[in-house]
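**Student:** Just one file: entry18.cif, with mmCIF, C-alpha atoms.
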```cif
data_upload
loop_
_atom_site.label_atom_id
_atom_site.label_comp_id
_atom_site.auth_asym_id
_atom_site.auth_seq_id
_atom_site.Cartn_x
_atom_site.Cartn_y
_atom_site.Cartn_z
CA MET A 1 -19.32 -4.58 7.48
CA SER A 2 -17.10 -1.50 7.98
CA LEU A 3 -13.91 -1.21 5.94
CA THR A 4 -11.68 -1.56 9.01
CA LYS A 5 -13.54 -4.63 10.26
CA HIS A 6 -13.34 -6.15 6.78
CA VAL A 7 -9.57 -5.65 6.78
CA ASN A 8 -9.10 -7.26 10.17
CA SER A 9 -11.45 -10.11 9.31
CA LEU A 10 -9.36 -10.82 6.24
CA LEU A 11 -6.09 -10.77 8.18
CA GLU A 12 -7.50 -12.94 10.96
CA ASN A 13 -8.37 -15.73 8.54
CA ILE A 14 -5.05 -15.83 6.71
CA ASN A 15 -3.08 -19.02 7.24
CA GLU A 16 0.50 -17.98 7.96
CA ASN A 17 1.85 -21.10 6.28
CA ARG A 18 0.26 -20.25 2.94
CA HIS A 19 1.75 -18.03 0.24
CA ASP A 20 -1.45 -16.17 -0.61
CA THR A 21 -1.05 -13.53 2.10
CA GLN A 22 -0.64 -10.90 -0.62
CA SER A 23 -4.39 -10.41 -0.69
CA ILE A 24 -6.90 -7.79 -1.79
CA ILE A 25 -7.94 -5.77 1.25
CA HIS A 26 -11.15 -4.18 -0.02
CA PRO A 27 -12.53 -3.11 -3.43
CA GLU A 28 -12.19 0.55 -2.43
CA ILE A 29 -8.52 0.20 -1.50
CA ASN A 30 -6.07 0.59 -4.39
CA PHE A 31 -3.23 -1.41 -2.86
CA THR A 32 -2.75 -5.02 -1.82
CA CYS A 33 -1.49 -6.58 1.41
CA ASN A 34 2.26 -7.29 1.56
CA PHE A 35 3.14 -5.85 -1.85
CA ILE A 36 5.32 -3.00 -3.07
CA ASN A 37 3.41 -0.03 -4.48
CA LEU A 38 5.26 2.44 -6.72
CA LEU A 39 4.22 6.08 -7.24
CA ILE A 40 5.98 8.09 -9.97
CA GLY A 41 5.34 11.80 -10.39
CA GLN A 42 6.99 15.20 -10.51
CA ARG A 43 7.45 17.32 -7.41
CA SER A 44 4.11 18.48 -5.97
CA SER A 45 2.15 16.08 -8.19
CA GLY A 46 0.46 14.51 -5.17
CA LYS A 47 2.40 11.26 -4.66
CA THR A 48 2.46 11.44 -0.86
CA TYR A 49 -1.05 12.88 -0.78
CA ASN A 50 -2.40 9.86 -2.65
CA VAL A 51 -0.65 7.45 -0.27
CA PHE A 52 -2.26 9.09 2.72
CA LYS A 53 -5.60 9.21 0.91
CA GLU A 54 -5.42 5.42 0.56
CA ILE A 55 -4.30 4.97 4.17
CA ILE A 56 -7.08 7.18 5.53
CA LYS A 57 -9.64 4.95 3.83
CA LEU A 58 -8.74 2.32 6.42
CA ASN A 59 -9.89 4.51 9.29
CA ASP A 60 -11.25 8.05 9.57
CA THR A 61 -9.67 8.76 12.94
CA LEU A 62 -6.02 7.72 12.83
CA ASP A 63 -5.13 9.24 16.19
CA ASP A 64 -7.84 7.30 18.01
CA LEU A 65 -6.89 4.17 16.11
CA ILE A 66 -3.21 4.44 17.10
CA GLU A 67 -4.09 5.00 20.75
CA CYS A 68 -6.47 2.04 20.80
CA LYS A 69 -3.97 -0.20 18.99
CA GLN A 70 -1.40 0.61 21.68
CA ALA A 71 -3.93 -0.35 24.33
CA TYR A 72 -4.77 -3.47 22.31
CA ASP A 73 -1.10 -4.51 22.15
CA GLN A 74 -0.68 -3.96 25.88
CA ILE A 75 -3.70 -6.12 26.62
CA ILE A 76 -2.30 -8.94 24.47
CA GLU A 77 1.22 -8.72 25.90
CA GLN A 78 0.10 -8.58 29.52
CA HIS A 79 -2.82 -11.02 29.16
CA LEU A 80 -5.38 -8.51 30.44
CA THR A 81 -8.40 -9.55 28.39
CA ASP A 82 -10.24 -11.01 31.37
CA GLN A 83 -9.69 -7.84 33.42
CA LEU A 84 -11.38 -5.42 31.01
CA ASP A 85 -14.79 -4.00 31.75
CA GLU A 86 -17.31 -4.20 28.92
CA THR A 87 -17.15 -0.48 28.10
CA SER A 88 -13.36 -0.45 27.65
CA ARG A 89 -13.44 -3.71 25.73
CA LYS A 90 -16.04 -2.41 23.29
CA GLU A 91 -14.28 0.95 22.84
CA ILE A 92 -10.93 -0.66 21.97
CA LEU A 93 -12.32 -3.39 19.73
CA ASP A 94 -14.61 -1.01 17.84
CA ALA A 95 -11.74 1.39 17.16
CA VAL A 96 -9.39 -1.36 15.99
CA GLY A 97 -12.14 -3.01 13.97
CA ALA A 98 -11.92 -6.40 15.68
CA THR A 99 -14.45 -8.60 17.42
CA ASP A 100 -11.98 -10.06 19.91
CA PHE A 101 -8.28 -10.04 20.83
CA LYS A 102 -7.19 -12.97 18.66
CA ILE A 103 -5.23 -10.92 16.09
CA LYS A 104 -1.68 -10.67 17.39
CA SER A 105 0.19 -8.84 14.62
CA PRO A 106 -1.31 -5.79 12.89
CA HIS A 107 -0.08 -4.75 9.46
CA THR A 108 2.39 -1.89 9.03
CA ILE A 109 2.55 0.70 6.23
CA VAL A 110 5.98 2.12 5.35
CA LEU A 111 6.40 5.20 3.14
CA PHE A 112 9.68 6.13 1.43
CA ASP A 113 9.37 9.65 0.02
CA ASP A 114 11.84 10.57 -2.77
CA ALA A 115 14.36 8.06 -1.43
CA MET A 116 15.82 6.62 -4.65
CA SER A 117 19.36 6.58 -3.24
CA ILE A 118 18.31 4.02 -0.64
CA PHE A 119 17.47 1.46 -3.30
CA LYS A 120 20.54 1.76 -5.54
CA ASN A 121 22.61 -0.47 -3.25
CA LYS A 122 21.41 -4.08 -3.32
CA MET A 123 23.38 -4.75 -0.16
CA SER A 124 21.45 -2.11 1.75
CA PRO A 125 19.33 -3.56 4.59
CA LEU A 126 16.40 -1.43 3.43
CA PHE A 127 16.70 -2.79 -0.10
CA LYS A 128 16.59 -6.36 1.20
CA LYS A 129 13.60 -5.64 3.43
CA LEU A 130 11.46 -4.89 0.38
CA PHE A 131 11.59 -8.57 -0.53
CA LYS A 132 10.82 -9.81 2.98
CA ASN A 133 7.52 -8.02 3.42
CA ARG A 134 5.27 -11.05 3.84
CA GLN A 135 6.46 -12.29 7.22
CA PRO A 136 6.50 -8.89 8.98
CA ARG A 137 3.25 -7.97 7.19
CA ILE A 138 4.46 -4.70 5.68
CA ILE A 139 2.95 -2.67 2.85
CA TYR A 140 5.54 -0.43 1.18
CA PHE A 141 4.94 2.82 -0.69
CA LEU A 142 7.84 4.27 -2.72
CA CYS A 143 7.28 7.86 -3.87
CA LEU A 144 9.78 8.75 -6.62
CA GLN A 145 10.24 11.56 -9.11
CA ASP A 146 11.63 9.23 -11.77
CA ILE A 147 11.67 5.51 -12.55
CA ILE A 148 15.24 5.70 -13.92
CA GLY A 149 17.67 3.93 -11.61
CA LEU A 150 15.07 1.78 -9.89
CA ASP A 151 16.39 -1.76 -9.72
CA ALA A 152 14.71 -4.35 -11.95
CA ALA A 153 14.19 -6.64 -8.96
CA ILE A 154 11.98 -4.00 -7.35
CA LYS A 155 10.05 -3.34 -10.56
CA SER A 156 9.29 -7.03 -10.97
CA ASN A 157 7.78 -7.16 -7.47
CA VAL A 158 5.60 -4.07 -7.78
CA ASP A 159 1.86 -4.59 -7.37
CA SER A 160 0.67 -1.15 -8.42
CA ILE A 161 2.10 1.94 -10.10
CA TYR A 162 0.64 5.43 -9.88
CA PHE A 163 2.01 7.41 -12.84
CA PHE A 164 1.14 11.06 -12.36
CA GLY A 165 0.40 13.56 -15.10
CA ALA A 166 2.59 16.33 -16.58
CA PHE A 167 5.53 14.17 -17.69
CA ASN A 168 6.76 14.70 -21.25
CA ARG A 169 6.58 12.08 -24.00
CA GLN A 170 10.11 10.84 -23.35
CA LYS A 171 9.35 10.11 -19.69
CA PHE A 172 6.06 8.52 -20.64
CA ASN A 173 7.79 6.20 -23.13
CA LEU A 174 10.30 5.16 -20.46
CA PHE A 175 7.49 4.46 -18.01
CA PHE A 176 5.55 2.48 -20.62
CA TYR A 177 8.41 0.21 -21.68
CA GLN A 178 9.51 -0.51 -18.12
CA SER A 179 6.03 -1.22 -16.79
CA SER A 180 4.94 -4.15 -19.00
CA ILE A 181 1.56 -2.61 -19.82
CA PRO A 182 -0.59 -4.78 -22.16
CA ILE A 183 -2.21 -1.90 -24.05
CA ASP A 184 -1.35 0.06 -27.17
CA LYS A 185 1.15 2.79 -26.30
CA GLU A 186 -0.53 5.48 -28.40
CA GLU A 187 -3.91 4.67 -26.93
CA LEU A 188 -2.52 5.00 -23.43
CA TRP A 189 -0.68 8.21 -24.33
CA SER A 190 -3.94 9.75 -25.56
CA GLN A 191 -5.39 9.09 -22.09
CA TYR A 192 -2.29 10.25 -20.26
CA VAL A 193 -2.04 13.68 -21.91
CA GLN A 194 -5.52 14.48 -20.59
CA LEU A 195 -4.35 14.13 -16.99
CA ALA A 196 -3.64 17.08 -14.74
CA LYS A 197 -0.45 17.09 -12.68
CA ARG A 198 -2.21 15.73 -9.59
CA GLU A 199 -4.07 13.00 -11.49
CA ALA A 200 -2.53 9.62 -12.23
CA LEU A 201 -2.78 6.46 -14.26
CA LEU A 202 -3.09 3.57 -11.83
CA VAL A 203 -1.64 0.33 -13.16
CA LYS A 204 -2.47 -2.72 -11.04
CA TYR A 205 -0.96 -6.16 -11.55
CA ASN A 206 -2.81 -9.21 -10.25
CA GLU A 207 -3.55 -12.84 -11.07
CA ASP A 208 -6.43 -11.83 -13.34
CA GLY A 209 -4.20 -9.60 -15.45
CA THR A 210 -3.26 -5.93 -15.59
CA THR A 211 -5.85 -3.20 -15.11
CA ILE A 212 -5.51 0.53 -15.77
CA SER A 213 -7.64 3.29 -14.30
CA VAL A 214 -7.43 7.02 -13.65
CA ILE A 215 -7.01 8.39 -10.12
CA GLN A 216 -8.24 11.95 -9.66
#
```
If you convert what's in this file into structure tokens, what do you get?
**Tutor:**
Amino acid sequence: MSLTKHVNSLLENINENRHDTQSIIHPEINFTCNFINLLIGQRSSGKTYNVFKEIIKLNDTLDDLIECKQAYDQIIEQHLTDQLDETSRKEILDAVGATDFKIKSPHTIVLFDDAMSIFKNKMSPLFKKLFKNRQPRIIYFLCLQDIIGLDAAIKSNVDSIYFFGAFNRQKFNLFFYQSSIPIDKEELWSQYVQLAKREALLVKYNEDGTTISVIQ
């Protein structure tokens, strides 16, 4: 099964009344449905690049996908499924990664790039939206140059953290103590100092515990 079809198959079978919609998409994808994903790195360390690298894994031809999703939405809204010829039907469904037109609400990915000021005000509509990501089916990526100032409520809801190389020991210590990592600090530091600026430690939190890997 292709990665895109696997994603849509997963979403199609989710019961909207359950609370387990924050699900693993695919073993090759390093983020989870309906969670907040935090990327911390210096300027030009590759934060945004890594977000798009993850997004592109979902489909190799984003332009074609967007065009076909627009056609898909129009078909659903205007009840045109019975009027499609077989060629058009196959072209749209293959691009979207679906077998039929039963999925009504596709997921959305939102990227905030170096937008710390947005999340300092708890009364901000954008701040509040981070905690209402299940119903609208939104995956958030926050690309920041520093973890200082990030509200504790956001940190406690983060599913994954990409911590890019080239930070000094002081920044590393701050990251370590605020990330609840169940590993010896010195052991992790010995791994971290080997990273290049565009490489990152990936910390993932899930029901089975916390895992740490290196993203190159």
**Student:** Return as a tab-separated table the residues of region 74-165 of chain A lying at most 7 Å from region 29-53 of chain A, together with the closest atom-to-atom pair for each and the distance in Å to one decimal, counting all atoms listed in the file, with rows in chain order and ascending residue number.
**Tutor:**
```
residue	atom	partner	partner_atom	distance
A:Asn133	CA	A:Asn34	CA	5.6
A:Arg134	CA	A:Asn34	CA	5.3
A:Arg137	CA	A:Asn34	CA	5.8
A:Ile138	CA	A:Asn34	CA	5.3
A:Ile139	CA	A:Asn34	CA	4.8
A:Tyr140	CA	A:Ile36	CA	5.0
A:Phe141	CA	A:Asn37	CA	5.0
A:Leu142	CA	A:Leu38	CA	5.1
A:Cys143	CA	A:Leu39	CA	4.9
A:Leu144	CA	A:Ile40	CA	5.1
A:Gln145	CA	A:Gly41	CA	5.1
A:Asp146	CA	A:Ile40	CA	6.0
A:Ile147	CA	A:Ile40	CA	6.8
A:Asn157	CA	A:Ile36	CA	6.5
A:Val158	CA	A:Ile36	CA	4.8
A:Asp159	CA	A:Asn37	CA	5.6
A:Ser160	CA	A:Asn37	CA	4.9
A:Ile161	CA	A:Leu38	CA	4.7
A:Tyr162	CA	A:Leu39	CA	4.5
A:Phe163	CA	A:Ile40	CA	4.9
A:Phe164	CA	A:Gly41	CA	4.7
```
**Student:** Could you tell me how far CA of Ile181 (chain A) sits from CA of Phe119 (chain A), in Å to one decimal place?
**Tutor:** 23.3 Å
**Student:** Would you compute the distance between CA of Lys129 (chain A) and CA of Ile212 (chain A)? Give it in Å to one decimal.
**Tutor:** 27.8 Å
**Student:** Apply the PyMOL selection byres ((chain A and resi 75) around 12) to the displayed file and report the matching residues as a PDB file with C-alpha atoms, keeping the file's coordinate frame.
**Tutor:**
```pdb
ATOM      1  CA  CYS A  68      -6.470   2.040  20.800  1.00  0.00           C
ATOM      2  CA  LYS A  69      -3.970  -0.200  18.990  1.00  0.00           C
ATOM      3  CA  GLN A  70      -1.400   0.610  21.680  1.00  0.00           C
ATOM      4  CA  ALA A  71      -3.930  -0.350  24.330  1.00  0.00           C
ATOM      5  CA  TYR A  72      -4.770  -3.470  22.310  1.00  0.00           C
ATOM      6  CA  ASP A  73      -1.100  -4.510  22.150  1.00  0.00           C
ATOM      7  CA  GLN A  74      -0.680  -3.960  25.880  1.00  0.00           C
ATOM      8  CA  ILE A  76      -2.300  -8.940  24.470  1.00  0.00           C
ATOM      9  CA  GLU A  77       1.220  -8.720  25.900  1.00  0.00           C
ATOM     10  CA  GLN A  78       0.100  -8.580  29.520  1.00  0.00           C
ATOM     11  CA  HIS A  79      -2.820 -11.020  29.160  1.00  0.00           C
ATOM     12  CA  LEU A  80      -5.380  -8.510  30.440  1.00  0.00           C
ATOM     13  CA  THR A  81      -8.400  -9.550  28.390  1.00  0.00           C
ATOM     14  CA  ASP A  82     -10.240 -11.010  31.370  1.00  0.00           C
ATOM     15  CA  GLN A  83      -9.690  -7.840  33.420  1.00  0.00           C
ATOM     16  CA  LEU A  84     -11.380  -5.420  31.010  1.00  0.00           C
ATOM     17  CA  SER A  88     -13.360  -0.450  27.650  1.00  0.00           C
ATOM     18  CA  ARG A  89     -13.440  -3.710  25.730  1.00  0.00           C
ATOM     19  CA  ILE A  92     -10.930  -0.660  21.970  1.00  0.00           C
ATOM     20  CA  LEU A  93     -12.320  -3.390  19.730  1.00  0.00           C
ATOM     21  CA  ASP A 100     -11.980 -10.060  19.910  1.00  0.00           C
ATOM     22  CA  PHE A 101      -8.280 -10.040  20.830  1.00  0.00           C
ATOM     23  CA  LYS A 102      -7.190 -12.970  18.660  1.00  0.00           C
ATOM     24  CA  ILE A 103      -5.230 -10.920  16.090  1.00  0.00           C
ATOM     25  CA  LYS A 104      -1.680 -10.670  17.390  1.00  0.00           C
TER      26      LYS A 104
END
```
**Student:** Could you check how far CA of Thr211 (chain A) sits from CA of Gly165 (chain A), in Å to one decimal?
**Tutor:**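 Computed distance, CA of Thr211 (chain A) to CA of Gly165 (chain A), equals 17.9 Å.
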**Student:** Let me know the residues the PyMOL selection byres ((chain A and resi 149) around 12) catches in the file above, as a ChimeraX atom specification.
**Tutor:** /A:115-121,144-148,150-155,174,178
**Student:** Name the closest residue to Ser213 (chain A) among the candidates A:Thr87, A:Asn173, A:Ser124, A:Gln191; distances are taken between atoms, counting only C-alpha atoms.
**Tutor:** A:Gln191
**Student:** Can you list what the PyMOL selection byres ((chain A and resi 182) around 10) grabs from this structure, as a PyMOL selection string?
**Tutor:** chain A and resi 176+179-181+183-185+209-212
**Student:** With distances taken over all atoms listed in the file, which of A:Glu54, A:Phe175, A:Asn206, A:Ser156 is nearest to Ile109 (chain A)?
**Tutor:**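 The answer is A:Glu54, which sits nearest to Ile109 (chain A).
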